Amino acid sequence: MHDENATPEPDENPEGRSRRSVLRTAGITGAGLGLGAFAGGGTAGAAESATLPDAPAETGADAGPTAPTAKGRTMIGVPFEGRGTVRVGIIGLGNRGNGMIDLFLALDGVRVVALCDPVKDKTARAAAKVVAAGQPAPATYTKGEHDFVDLCERGDLDFVYVATPWDLHFEMARTAMLSGKHVGVECPVAMRLDQLWELVDLSERTRRHCMQLENCCYGRNEMRVLRMAHAGKFGRLLHGAGAYNHDLRGLMFDPDYYEGPWRRLWHTRLRGDLYPNHGFGPVANYMDVNRGDRVTHISSFGTPSLGLAEYRAEHLPPGDPSWKETYIESDRTISLVQTAKGRVIRLEHDVSTPHPYSRINSLGGTKGVFEDYPERIYIEPDHTDDAWGDFSAYADWDHWLWKEHSDPPGGHGGMDYIMLFRLMQSIRLGLVPDFDVYDAATWTAPVPLSHASIKAHGAPQAIPDFTRGLWRKERPGIDSAKPQDG
C-alpha cells in the first residue's frame with residue numbers, strides 16, 4: 001500500500017537494529033507507571049542548585065530526581081526544516097481524527113498524504129474528504145492495529161498526527177520519530193513516566209519534534225491572558241488553576257461514541273488525574289514553565305470512585321459487559337503543583353459526576369486575578385470595590401493569531417484551527433515550534449505522578465526536569481511574534 005514513487009527511508013535506526021524489529025517489540029502492555037528512580041526525591045547536580053531571584057533555593061530533595069544522561073543534544077530552539085508543502089499522515093480517524101482532517105484540508109500548503117485506521121469504513125470516509133477537497137487520493141492503511149508502522153515508514157511524509165486511544169500514543173509517537181518524522185499527539189502524550197523520558201530522549205536523538213497538540217493553549221481567552229500576564233498586567237504571578245471537569249458518563253457508556261470502552265477502562269486502572277493537559281498547559285504557559293520557571297512537585301488527593309458505578313446501575317442492563325468492570329479512578333482529583341519560583345498551580349479532574357463543563361483557567365498575581373467559566377477579571381488599578389470587571393474590555397490584548405483569524409472554522413471555539421494553522425505555518429516557514437517535547441512531557445507528568453501521590457496519601461511526588469537544567473533560560477513559547485512571511 002506504499003506510494004511506489006516515494007523515496008524510501010533508511011531501514012536502520014541509530015543503533016543499527018532493524019527499525020521494524022524495534023517497533024514490533026516496543027510494547028505498551030500493562031498500565032505500570034514506570035516511576036522507578038525518577039518519581040522519588042534525589043540529589044540534583046550543581047546545575048540544579050542555583051537560586052532564582054525572589055525564590056527559595058532549589059537544592060537537595062527539593063531539586064527533584066536526577067535526570068538520566070542525555071542521549072542527544074537538546075531540541076530547545078531547534079527550528080523545523082522549512083518546506084513549501086507540509087505532507088501529513090493521520091493515524092486514528094474516530095471522533096477527533098475525523099474532525100481534525102477537515103481543518104488540515106482547510107489550510108494552505110498542507111497535503112494529506114496517508115490515512116490509517118483499522119476500521120475501514122472510517123478510513124474510506126476520510127479519504128473521500130481528501131479527494132473532495134481537491135487533493136490526490138491518500139494512501140490508506142487498514143490492516144490491523146500495527147499498520148501505522150507502514151504509514152510512518154513512508155518517504156513522502158513530513159508530519160504524523162496521532163488521534164488514537166491513549167494506550168497507543170507512546171508507541172505511535174516513538175514509531176514516527178524513529179521513522180524520521182515530526183509527530184503531534186493528542187492528549188496525553190503517554191501514560192507512564194519512563195515513556196515520557198523515552199520520548200524526550202528519542203526527540204533529541206532523532207532530531208525530530210514530538211509535540212503535545214494541546215488545543216486549549218490556543219483558546220482566545222487563554223492567549224489573551226497569556227499576553228496580559230507577560231505584559232505584567234497581573235503583577236508578579238503567584239497562582240493559577242486549570243481543570244478538566246466534564247461530565248462524560250453518557251459518552252463513556254455509549255457503544256457508538258468511542259471505538260470500544262478504552263476510555264472507560266482507564267477508570268479501572270489509575271486513580272489520578274487522567275487528563276491534566278487541558279488545564280495544565282495554559283497555566284504553565286502563563287508562568288513560563290520550562291522558560292524561566294519549572295514545576296518541581298505535585299501533591300494529589302482523590303475522592304472515592306462512585307459516579308460511574310452509580311450511572312451504570314441507573315442506565316445499563318444487568319447483562320451489559322461493563323458490569324464486569326471495577327472502577328477505582330477518583331471521581332474528582334485535586335492536585336497542587338509547586339514551581340521553582342514558589343508559585344502554586346491547582347489542577348482538577350472530574351469526568352464521572354454531574355458538572356457543567358469547566359477548565360477553571362485562572363491566574364492570579366500581585367495586581368489582580370482572572371477567572372474563567374464564566375470569564376471575569378479584577379486587576380488594579382482598573383477595578384475597585386471588589387467588583388468583577390468585563391474581560392471583553394481587554395480584547396485589544398488578543399494574540400495576533402486571533403486578530404488575524406477572528407472567526408476560525410472548526411470545533412472548540414476555533415482553537416483547533418488556530419493550533420493547526422500555527423503549527424503548519426511553523427513547519428512551512430522553518431520556525432521554532434511554539435511547544436516541544438519538554439512541554440509534552442511536563443504537561444503529561446501529572447498522569448502517573450498524581451496516581452502515585454494519591455496512593456501515598458497525598459505525599460509530594462517530584463516532577464522531573466525534562467529540560468535537564470535548561471528551563472532557566474527564558475525563551476519564546478506560544479506568545480509568539482507574527483512572522484514576516486506567512
# chains A, B, ... in the order shown; residues from 1 in each chain; ligands from 1

$ select_by_dssp --residues "segment 169-270 of chain A" --states "helix (DSSP H, G or I)" --output "number ranges by chain"
A: 169-178, 193-206, 215-218, 220-230, 249-252, 262-268

$ residues_around --residues "segment 421-432 of chain A" --least-positions-apart "5" --cutoff "7 Å" --atoms "only C-alpha atoms" --output "PyMOL selection string"
chain A and resi 77-86+107+486

$ write_last_selection --atoms "N, CA, C and O atoms" --output "CSV table (one decimal), in the first residue's frame"
chain,number,residue,atom,x,y,z
A,77,GLY,N,14.8,25.3,21.0
A,77,GLY,CA,15.2,26.3,20.0
A,77,GLY,C,15.6,25.7,18.6
A,77,GLY,O,16.1,26.4,17.8
A,78,VAL,N,15.3,24.4,18.4
A,78,VAL,CA,15.6,23.8,17.1
A,78,VAL,C,14.4,24.1,16.1
A,78,VAL,O,13.3,23.7,16.4
A,79,PRO,N,14.7,24.8,15.0
A,79,PRO,CA,13.6,25.1,14.1
A,79,PRO,C,13.2,23.8,13.2
A,79,PRO,O,14.0,22.9,13.1
A,80,PHE,N,12.1,23.9,12.6
A,80,PHE,CA,11.7,22.9,11.6
A,80,PHE,C,12.6,23.2,10.3
A,80,PHE,O,13.2,24.3,10.2
A,81,GLU,N,12.6,22.3,9.4
A,81,GLU,CA,13.5,22.5,8.2
A,81,GLU,C,12.9,23.5,7.2
A,81,GLU,O,13.7,24.1,6.5
A,82,GLY,N,11.6,23.7,7.2
A,82,GLY,CA,11.0,24.6,6.2
A,82,GLY,C,10.7,23.9,4.9
A,82,GLY,O,11.6,23.1,4.4
A,83,ARG,N,9.6,24.1,4.4
A,83,ARG,CA,9.2,23.4,3.1
A,83,ARG,C,7.9,24.1,2.5
A,83,ARG,O,7.2,24.7,3.3
A,84,GLY,N,7.8,24.0,1.3
A,84,GLY,CA,6.6,24.7,0.6
A,84,GLY,C,5.3,24.1,1.0
A,84,GLY,O,4.3,24.7,1.1
A,85,THR,N,5.3,22.7,1.0
A,85,THR,CA,4.1,22.0,1.3
A,85,THR,C,4.4,21.0,2.5
A,85,THR,O,5.4,20.3,2.4
A,86,VAL,N,3.5,21.0,3.5
A,86,VAL,CA,3.7,20.0,4.6
A,86,VAL,C,2.9,18.8,4.2
A,86,VAL,O,1.6,18.9,4.0
A,107,LEU,N,-6.2,24.2,5.3
A,107,LEU,CA,-5.0,25.0,5.4
A,107,LEU,C,-4.2,25.0,4.1
A,107,LEU,O,-4.1,24.0,3.4
A,486,GLY,N,4.1,34.6,5.7
A,486,GLY,CA,3.3,33.6,6.0
A,486,GLY,C,2.1,33.3,6.4
A,486,GLY,O,1.6,32.4,6.8

$ residues_around --residues "His355 of chain A" --least-positions-apart "3" --cutoff "10 Å" --atoms "only C-alpha atoms" --output "ChimeraX atom specification"
/A:245-248,350-352,358

$ closest_residue --among "A:Leu251, A:Ala241, A:Cys217, A:Leu336" --to "Ile478 of chain A" --atoms "only C-alpha atoms"
A:Cys217

$ closest_atom_pairs --of "segment 323-421 of chain A" --to "segment 290-309 of chain A" --cutoff "8 Å" --atoms "only C-alpha atoms" --output "JSON lines"
{"residue": "A:Tyr327", "atom": "CA", "partner": "A:Ser305", "partner_atom": "CA", "distance": 6.4}
{"residue": "A:Ile328", "atom": "CA", "partner": "A:Ser305", "partner_atom": "CA", "distance": 5.5}
{"residue": "A:Glu329", "atom": "CA", "partner": "A:Ser305", "partner_atom": "CA", "distance": 5.7}
{"residue": "A:Ser330", "atom": "CA", "partner": "A:Ser305", "partner_atom": "CA", "distance": 4.7}
{"residue": "A:Asp331", "atom": "CA", "partner": "A:Ser305", "partner_atom": "CA", "distance": 5.1}
{"residue": "A:Arg332", "atom": "CA", "partner": "A:Thr303", "partner_atom": "CA", "distance": 5.6}
{"residue": "A:Thr333", "atom": "CA", "partner": "A:Gly302", "partner_atom": "CA", "distance": 4.4}
{"residue": "A:Ile334", "atom": "CA", "partner": "A:Phe301", "partner_atom": "CA", "distance": 5.4}
{"residue": "A:Ser335", "atom": "CA", "partner": "A:Ser300", "partner_atom": "CA", "distance": 4.1}
{"residue": "A:Leu336", "atom": "CA", "partner": "A:Ser299", "partner_atom": "CA", "distance": 5.3}
{"residue": "A:Val337", "atom": "CA", "partner": "A:Ile298", "partner_atom": "CA", "distance": 4.4}
{"residue": "A:Gln338", "atom": "CA", "partner": "A:His297", "partner_atom": "CA", "distance": 5.4}
{"residue": "A:Thr339", "atom": "CA", "partner": "A:Val295", "partner_atom": "CA", "distance": 4.1}
{"residue": "A:Ala340", "atom": "CA", "partner": "A:Arg294", "partner_atom": "CA", "distance": 5.6}
{"residue": "A:Lys341", "atom": "CA", "partner": "A:Asp293", "partner_atom": "CA", "distance": 6.4}
{"residue": "A:Ser352", "atom": "CA", "partner": "A:Gly307", "partner_atom": "CA", "distance": 5.2}
{"residue": "A:Thr353", "atom": "CA", "partner": "A:Gly307", "partner_atom": "CA", "distance": 5.4}

$ write_last_selection --atoms "all heavy atoms" --output "short mmCIF file (atom, residue, chain, number, x, y, z; two decimals), in the first residue's frame"
data_model
loop_
_atom_site.label_atom_id
_atom_site.label_comp_id
_atom_site.auth_asym_id
_atom_site.auth_seq_id
_atom_site.Cartn_x
_atom_site.Cartn_y
_atom_site.Cartn_z
N TYR A 327 -14.39 0.13 39.09
CA TYR A 327 -13.83 1.45 38.89
C TYR A 327 -13.06 1.90 40.13
O TYR A 327 -13.56 1.80 41.26
CB TYR A 327 -14.93 2.46 38.54
CG TYR A 327 -15.75 2.00 37.37
CD1 TYR A 327 -17.10 1.67 37.51
CD2 TYR A 327 -15.16 1.83 36.13
CE1 TYR A 327 -17.84 1.23 36.44
CE2 TYR A 327 -15.89 1.37 35.04
CZ TYR A 327 -17.23 1.07 35.20
OH TYR A 327 -17.95 0.60 34.14
N ILE A 328 -11.85 2.39 39.93
CA ILE A 328 -11.01 2.87 41.03
C ILE A 328 -10.63 4.33 40.84
O ILE A 328 -10.14 4.97 41.78
CB ILE A 328 -9.73 2.02 41.18
CG1 ILE A 328 -8.82 2.19 39.95
CG2 ILE A 328 -10.07 0.56 41.42
CD1 ILE A 328 -7.45 1.58 40.14
N GLU A 329 -10.84 4.89 39.65
CA GLU A 329 -10.48 6.27 39.38
C GLU A 329 -11.28 7.22 40.28
O GLU A 329 -12.51 7.12 40.37
CB GLU A 329 -10.73 6.61 37.91
CG GLU A 329 -10.81 8.08 37.56
CD GLU A 329 -9.49 8.81 37.69
OE1 GLU A 329 -8.50 8.19 38.11
OE2 GLU A 329 -9.45 10.01 37.38
N SER A 330 -10.61 8.13 40.95
CA SER A 330 -11.29 9.09 41.80
C SER A 330 -12.28 9.91 40.98
O SER A 330 -11.97 10.37 39.88
CB SER A 330 -10.26 10.03 42.43
OG SER A 330 -9.25 9.32 43.12
N ASP A 331 -13.47 10.09 41.52
CA ASP A 331 -14.45 10.91 40.81
C ASP A 331 -13.92 12.33 40.63
O ASP A 331 -14.12 12.95 39.59
CB ASP A 331 -15.77 10.93 41.56
CG ASP A 331 -16.58 9.66 41.34
OD1 ASP A 331 -16.25 8.90 40.42
OD2 ASP A 331 -17.53 9.43 42.10
N ARG A 332 -13.27 12.85 41.65
CA ARG A 332 -12.60 14.14 41.49
C ARG A 332 -11.20 14.05 42.06
O ARG A 332 -11.02 13.64 43.21
CB ARG A 332 -13.35 15.29 42.16
CG ARG A 332 -12.59 16.62 42.01
CD ARG A 332 -13.46 17.82 42.17
NE ARG A 332 -14.47 17.90 41.13
CZ ARG A 332 -14.99 19.05 40.66
NH1 ARG A 332 -14.57 20.20 41.13
NH2 ARG A 332 -15.92 19.04 39.73
N THR A 333 -10.24 14.42 41.24
CA THR A 333 -8.85 14.51 41.67
C THR A 333 -8.47 15.98 41.78
O THR A 333 -8.77 16.77 40.87
CB THR A 333 -7.91 13.82 40.66
OG1 THR A 333 -8.22 12.43 40.60
CG2 THR A 333 -6.47 14.00 41.05
N ILE A 334 -7.85 16.35 42.89
CA ILE A 334 -7.38 17.70 43.09
C ILE A 334 -5.88 17.64 43.38
O ILE A 334 -5.46 16.91 44.29
CB ILE A 334 -8.11 18.40 44.24
CG1 ILE A 334 -9.62 18.49 43.93
CG2 ILE A 334 -7.54 19.80 44.48
CD1 ILE A 334 -10.45 19.06 45.05
N SER A 335 -5.10 18.35 42.60
CA SER A 335 -3.65 18.34 42.74
C SER A 335 -3.14 19.75 42.94
O SER A 335 -3.67 20.71 42.38
CB SER A 335 -2.99 17.75 41.49
OG SER A 335 -3.43 16.44 41.21
N LEU A 336 -2.09 19.87 43.74
CA LEU A 336 -1.37 21.12 43.89
C LEU A 336 0.05 20.92 43.36
O LEU A 336 0.74 19.98 43.77
CB LEU A 336 -1.33 21.57 45.35
CG LEU A 336 -2.67 22.00 45.95
CD1 LEU A 336 -2.48 22.39 47.41
CD2 LEU A 336 -3.29 23.16 45.17
N VAL A 337 0.44 21.79 42.47
CA VAL A 337 1.75 21.72 41.83
C VAL A 337 2.56 22.94 42.27
O VAL A 337 2.08 24.07 42.21
CB VAL A 337 1.62 21.70 40.30
CG1 VAL A 337 3.00 21.69 39.64
CG2 VAL A 337 0.81 20.49 39.85
N GLN A 338 3.80 22.70 42.69
CA GLN A 338 4.70 23.77 43.11
C GLN A 338 5.71 24.04 42.01
O GLN A 338 6.12 23.12 41.29
CB GLN A 338 5.46 23.36 44.37
CG GLN A 338 6.32 24.45 44.99
CD GLN A 338 5.56 25.34 45.95
OE1 GLN A 338 5.05 24.88 46.94
NE2 GLN A 338 5.48 26.65 45.64
N THR A 339 6.09 25.31 41.86
CA THR A 339 7.12 25.65 40.89
C THR A 339 8.40 26.07 41.61
O THR A 339 8.40 26.36 42.81
CB THR A 339 6.68 26.79 39.94
OG1 THR A 339 6.87 28.05 40.59
CG2 THR A 339 5.23 26.64 39.53
N ALA A 340 9.49 26.13 40.87
CA ALA A 340 10.77 26.52 41.45
C ALA A 340 10.73 27.93 42.01
O ALA A 340 11.45 28.25 42.96
CB ALA A 340 11.88 26.39 40.40
N LYS A 341 9.90 28.80 41.45
CA LYS A 341 9.78 30.17 41.94
C LYS A 341 8.76 30.30 43.06
O LYS A 341 8.45 31.41 43.49
CB LYS A 341 9.40 31.12 40.79
CG LYS A 341 10.54 31.36 39.80
CD LYS A 341 10.19 32.44 38.80
CE LYS A 341 11.38 32.79 37.92
NZ LYS A 341 11.07 33.87 36.95
N SER A 352 -16.82 12.04 35.86
CA SER A 352 -17.78 10.98 36.22
C SER A 352 -18.84 11.43 37.21
O SER A 352 -19.50 10.61 37.82
CB SER A 352 -17.03 9.77 36.78
OG SER A 352 -16.13 10.15 37.81
N THR A 353 -19.02 12.75 37.37
CA THR A 353 -20.12 13.27 38.18
C THR A 353 -20.77 14.43 37.42
O THR A 353 -20.16 15.02 36.53
CB THR A 353 -19.65 13.78 39.55
OG1 THR A 353 -18.84 14.95 39.39
CG2 THR A 353 -18.87 12.70 40.30
#

$ select_by_dssp --residues "segment 277-378 of chain A" --states "strand (DSSP E or B)" --output "compact mmCIF listing (two decimals) with all heavy atoms, in the first residue's frame"
# COMPACT_ATOMS: atom_id res chain seq x y z
N VAL A 289 6.66 28.08 32.35
CA VAL A 289 7.25 26.81 32.77
C VAL A 289 8.11 26.26 31.63
O VAL A 289 7.71 26.27 30.47
CB VAL A 289 6.15 25.81 33.16
CG1 VAL A 289 6.71 24.40 33.32
CG2 VAL A 289 5.47 26.26 34.45
N ASP A 293 10.92 29.19 34.60
CA ASP A 293 10.45 28.53 35.82
C ASP A 293 10.23 27.07 35.48
O ASP A 293 10.22 26.70 34.30
CB ASP A 293 9.15 29.18 36.31
CG ASP A 293 8.83 28.87 37.78
OD1 ASP A 293 9.61 28.13 38.42
OD2 ASP A 293 7.80 29.36 38.28
N VAL A 295 8.13 23.29 37.08
CA VAL A 295 7.33 22.64 38.12
C VAL A 295 8.20 21.59 38.80
O VAL A 295 8.95 20.86 38.15
CB VAL A 295 6.05 22.02 37.54
CG1 VAL A 295 5.07 23.11 37.15
CG2 VAL A 295 6.34 21.14 36.32
N THR A 296 8.11 21.53 40.13
CA THR A 296 9.02 20.68 40.89
C THR A 296 8.33 19.52 41.61
O THR A 296 8.91 18.44 41.72
CB THR A 296 9.77 21.51 41.94
OG1 THR A 296 8.82 22.12 42.84
CG2 THR A 296 10.60 22.60 41.27
N HIS A 297 7.13 19.74 42.13
CA HIS A 297 6.46 18.70 42.92
C HIS A 297 4.95 18.74 42.69
O HIS A 297 4.40 19.79 42.33
CB HIS A 297 6.71 18.90 44.42
CG HIS A 297 8.12 18.64 44.83
ND1 HIS A 297 9.11 19.58 44.68
CD2 HIS A 297 8.71 17.53 45.36
CE1 HIS A 297 10.26 19.08 45.11
NE2 HIS A 297 10.04 17.84 45.54
N ILE A 298 4.31 17.61 42.89
CA ILE A 298 2.85 17.54 42.82
C ILE A 298 2.33 16.73 43.99
O ILE A 298 2.90 15.68 44.34
CB ILE A 298 2.38 16.93 41.48
CG1 ILE A 298 0.85 16.90 41.39
CG2 ILE A 298 2.97 15.54 41.25
CD1 ILE A 298 0.33 16.51 40.02
N SER A 299 1.29 17.23 44.64
CA SER A 299 0.58 16.50 45.69
C SER A 299 -0.88 16.37 45.25
O SER A 299 -1.50 17.38 44.89
CB SER A 299 0.63 17.25 47.02
OG SER A 299 1.96 17.31 47.51
N SER A 300 -1.39 15.16 45.28
CA SER A 300 -2.73 14.90 44.76
C SER A 300 -3.59 14.16 45.77
O SER A 300 -3.09 13.33 46.55
CB SER A 300 -2.65 14.07 43.48
OG SER A 300 -1.87 14.72 42.50
N PHE A 301 -4.87 14.46 45.72
CA PHE A 301 -5.86 13.80 46.56
C PHE A 301 -7.05 13.43 45.69
O PHE A 301 -7.42 14.18 44.78
CB PHE A 301 -6.29 14.72 47.71
CG PHE A 301 -5.15 15.12 48.60
CD1 PHE A 301 -4.36 16.22 48.30
CD2 PHE A 301 -4.86 14.39 49.74
CE1 PHE A 301 -3.31 16.60 49.11
CE2 PHE A 301 -3.80 14.75 50.56
CZ PHE A 301 -3.02 15.85 50.25
N GLY A 302 -7.67 12.30 46.00
CA GLY A 302 -8.79 11.85 45.20
C GLY A 302 -9.96 11.41 46.06
O GLY A 302 -9.79 10.85 47.15
N THR A 333 -10.24 14.42 41.24
CA THR A 333 -8.85 14.51 41.67
C THR A 333 -8.47 15.98 41.78
O THR A 333 -8.77 16.77 40.87
CB THR A 333 -7.91 13.82 40.66
OG1 THR A 333 -8.22 12.43 40.60
CG2 THR A 333 -6.47 14.00 41.05
N ILE A 334 -7.85 16.35 42.89
CA ILE A 334 -7.38 17.70 43.09
C ILE A 334 -5.88 17.64 43.38
O ILE A 334 -5.46 16.91 44.29
CB ILE A 334 -8.11 18.40 44.24
CG1 ILE A 334 -9.62 18.49 43.93
CG2 ILE A 334 -7.54 19.80 44.48
CD1 ILE A 334 -10.45 19.06 45.05
N SER A 335 -5.10 18.35 42.60
CA SER A 335 -3.65 18.34 42.74
C SER A 335 -3.14 19.75 42.94
O SER A 335 -3.67 20.71 42.38
CB SER A 335 -2.99 17.75 41.49
OG SER A 335 -3.43 16.44 41.21
N LEU A 336 -2.09 19.87 43.74
CA LEU A 336 -1.37 21.12 43.89
C LEU A 336 0.05 20.92 43.36
O LEU A 336 0.74 19.98 43.77
CB LEU A 336 -1.33 21.57 45.35
CG LEU A 336 -2.67 22.00 45.95
CD1 LEU A 336 -2.48 22.39 47.41
CD2 LEU A 336 -3.29 23.16 45.17
N VAL A 337 0.44 21.79 42.47
CA VAL A 337 1.75 21.72 41.83
C VAL A 337 2.56 22.94 42.27
O VAL A 337 2.08 24.07 42.21
CB VAL A 337 1.62 21.70 40.30
CG1 VAL A 337 3.00 21.69 39.64
CG2 VAL A 337 0.81 20.49 39.85
N GLN A 338 3.80 22.70 42.69
CA GLN A 338 4.70 23.77 43.11
C GLN A 338 5.71 24.04 42.01
O GLN A 338 6.12 23.12 41.29
CB GLN A 338 5.46 23.36 44.37
CG GLN A 338 6.32 24.45 44.99
CD GLN A 338 5.56 25.34 45.95
OE1 GLN A 338 5.05 24.88 46.94
NE2 GLN A 338 5.48 26.65 45.64
N THR A 339 6.09 25.31 41.86
CA THR A 339 7.12 25.65 40.89
C THR A 339 8.40 26.07 41.61
O THR A 339 8.40 26.36 42.81
CB THR A 339 6.68 26.79 39.94
OG1 THR A 339 6.87 28.05 40.59
CG2 THR A 339 5.23 26.64 39.53
N VAL A 344 2.08 28.36 42.84
CA VAL A 344 1.24 27.19 43.06
C VAL A 344 0.21 27.08 41.94
O VAL A 344 -0.42 28.08 41.55
CB VAL A 344 0.51 27.27 44.42
CG1 VAL A 344 -0.45 26.10 44.59
CG2 VAL A 344 1.51 27.30 45.57
N ILE A 345 0.06 25.87 41.39
CA ILE A 345 -0.94 25.58 40.36
C ILE A 345 -1.88 24.51 40.89
O ILE A 345 -1.43 23.46 41.35
CB ILE A 345 -0.27 25.10 39.06
CG1 ILE A 345 0.71 26.15 38.54
CG2 ILE A 345 -1.33 24.77 38.00
CD1 ILE A 345 1.57 25.64 37.38
N ARG A 346 -3.17 24.77 40.82
CA ARG A 346 -4.17 23.77 41.21
C ARG A 346 -4.75 23.11 39.96
O ARG A 346 -5.15 23.81 39.02
CB ARG A 346 -5.31 24.41 42.01
CG ARG A 346 -6.32 23.40 42.55
CD ARG A 346 -7.42 24.06 43.37
NE ARG A 346 -8.55 24.49 42.56
CZ ARG A 346 -8.84 25.73 42.24
NH1 ARG A 346 -8.04 26.72 42.61
NH2 ARG A 346 -9.91 26.03 41.51
N LEU A 347 -4.77 21.79 39.95
CA LEU A 347 -5.34 21.03 38.85
C LEU A 347 -6.51 20.19 39.36
O LEU A 347 -6.45 19.64 40.46
CB LEU A 347 -4.29 20.11 38.22
CG LEU A 347 -3.02 20.75 37.68
CD1 LEU A 347 -2.06 19.68 37.15
CD2 LEU A 347 -3.35 21.77 36.59
N GLU A 348 -7.56 20.09 38.55
CA GLU A 348 -8.70 19.25 38.90
C GLU A 348 -9.08 18.37 37.72
O GLU A 348 -8.89 18.74 36.55
CB GLU A 348 -9.91 20.11 39.29
CG GLU A 348 -9.73 20.92 40.56
CD GLU A 348 -10.98 21.68 40.96
OE1 GLU A 348 -12.06 21.41 40.36
OE2 GLU A 348 -10.91 22.53 41.86
N HIS A 349 -9.63 17.19 38.04
CA HIS A 349 -10.12 16.28 37.01
C HIS A 349 -11.38 15.61 37.52
O HIS A 349 -11.39 15.03 38.61
CB HIS A 349 -9.06 15.22 36.68
CG HIS A 349 -9.53 14.19 35.70
ND1 HIS A 349 -10.09 12.98 36.08
CD2 HIS A 349 -9.52 14.18 34.34
CE1 HIS A 349 -10.39 12.28 35.00
NE2 HIS A 349 -10.06 12.99 33.94
N ASP A 350 -12.45 15.70 36.74
CA ASP A 350 -13.73 15.07 37.11
C ASP A 350 -14.54 14.86 35.85
O ASP A 350 -15.03 15.82 35.25
CB ASP A 350 -14.48 15.98 38.10
CG ASP A 350 -15.75 15.33 38.64
OD1 ASP A 350 -16.26 14.38 38.02
OD2 ASP A 350 -16.24 15.80 39.68
N SER A 358 -16.07 22.86 32.65
CA SER A 358 -15.19 23.92 33.12
C SER A 358 -13.74 23.48 33.07
O SER A 358 -13.41 22.36 33.45
CB SER A 358 -15.52 24.30 34.58
OG SER A 358 -14.58 25.24 35.09
N SER A 362 -7.63 29.90 35.59
CA SER A 362 -7.47 31.04 36.48
C SER A 362 -6.01 31.42 36.61
O SER A 362 -5.13 30.55 36.56
CB SER A 362 -8.06 30.71 37.86
OG SER A 362 -7.83 31.76 38.78
N LEU A 363 -5.77 32.70 36.78
CA LEU A 363 -4.41 33.20 37.01
C LEU A 363 -4.47 34.38 37.95
O LEU A 363 -5.29 35.29 37.78
CB LEU A 363 -3.76 33.62 35.69
CG LEU A 363 -2.32 34.15 35.81
CD1 LEU A 363 -1.37 33.03 36.24
CD2 LEU A 363 -1.85 34.78 34.52
N GLY A 364 -3.60 34.37 38.97
CA GLY A 364 -3.57 35.47 39.92
C GLY A 364 -2.16 35.93 40.21
O GLY A 364 -1.20 35.16 40.17
N GLY A 365 -2.05 37.21 40.49
CA GLY A 365 -0.76 37.79 40.84
C GLY A 365 -0.93 38.95 41.79
O GLY A 365 -2.01 39.17 42.36
N GLY A 368 -3.79 41.40 40.62
CA GLY A 368 -5.16 41.01 40.32
C GLY A 368 -5.27 39.58 39.85
O GLY A 368 -4.32 38.79 39.92
N VAL A 369 -6.46 39.24 39.32
CA VAL A 369 -6.77 37.86 39.01
C VAL A 369 -7.74 37.77 37.84
O VAL A 369 -8.56 38.68 37.63
CB VAL A 369 -7.38 37.16 40.26
CG1 VAL A 369 -8.72 37.80 40.63
CG2 VAL A 369 -7.56 35.66 40.04
N PHE A 370 -7.61 36.69 37.07
CA PHE A 370 -8.58 36.33 36.03
C PHE A 370 -9.16 34.97 36.37
O PHE A 370 -8.42 34.08 36.82
CB PHE A 370 -7.91 36.28 34.65
CG PHE A 370 -8.79 35.63 33.59
CD1 PHE A 370 -9.78 36.37 32.97
CD2 PHE A 370 -8.63 34.30 33.25
CE1 PHE A 370 -10.61 35.78 32.00
CE2 PHE A 370 -9.43 33.71 32.28
CZ PHE A 370 -10.43 34.45 31.66
N GLU A 371 -10.46 34.82 36.16
CA GLU A 371 -11.10 33.52 36.30
C GLU A 371 -12.05 33.31 35.14
O GLU A 371 -12.76 34.23 34.74
CB GLU A 371 -11.86 33.42 37.63
CG GLU A 371 -10.96 33.41 38.86
CD GLU A 371 -11.73 33.20 40.15
OE1 GLU A 371 -12.97 33.07 40.09
OE2 GLU A 371 -11.09 33.17 41.23
N ARG A 376 -14.14 36.47 33.86
CA ARG A 376 -14.22 37.69 34.65
C ARG A 376 -12.80 38.07 35.09
O ARG A 376 -11.93 37.22 35.17
CB ARG A 376 -15.12 37.51 35.86
CG ARG A 376 -14.80 36.31 36.72
CD ARG A 376 -16.05 35.84 37.48
NE ARG A 376 -15.75 34.79 38.44
CZ ARG A 376 -15.68 33.49 38.14
NH1 ARG A 376 -15.87 33.08 36.89
NH2 ARG A 376 -15.43 32.60 39.07
N ILE A 377 -12.61 39.35 35.37
CA ILE A 377 -11.27 39.83 35.68
C ILE A 377 -11.35 40.91 36.75
O ILE A 377 -12.35 41.64 36.86
CB ILE A 377 -10.58 40.38 34.41
CG1 ILE A 377 -9.09 40.63 34.65
CG2 ILE A 377 -11.30 41.62 33.88
CD1 ILE A 377 -8.32 40.90 33.36
N TYR A 378 -10.30 40.97 37.55
CA TYR A 378 -10.18 42.02 38.56
C TYR A 378 -8.70 42.35 38.71
O TYR A 378 -7.94 41.57 39.27
CB TYR A 378 -10.74 41.54 39.90
CG TYR A 378 -10.81 42.62 40.96
CD1 TYR A 378 -11.96 43.40 41.11
CD2 TYR A 378 -9.73 42.87 41.80
CE1 TYR A 378 -12.03 44.40 42.08
CE2 TYR A 378 -9.79 43.87 42.77
CZ TYR A 378 -10.93 44.62 42.90
OH TYR A 378 -11.01 45.61 43.85

$ atom_distance --atom1 "atom CA of Leu103 of chain A" --atom2 "atom CA of Pro409 of chain A"
7.6 Å

$ closest_residue --among "A:Tyr417, A:Tyr438, A:His230, A:Val225" --to "Arg468 of chain A" --atoms "only C-alpha atoms"
A:Tyr438

$ atom_distance --atom1 "atom CA of Glu404 of chain A" --atom2 "atom CA of Ile101 of chain A"
21.8 Å
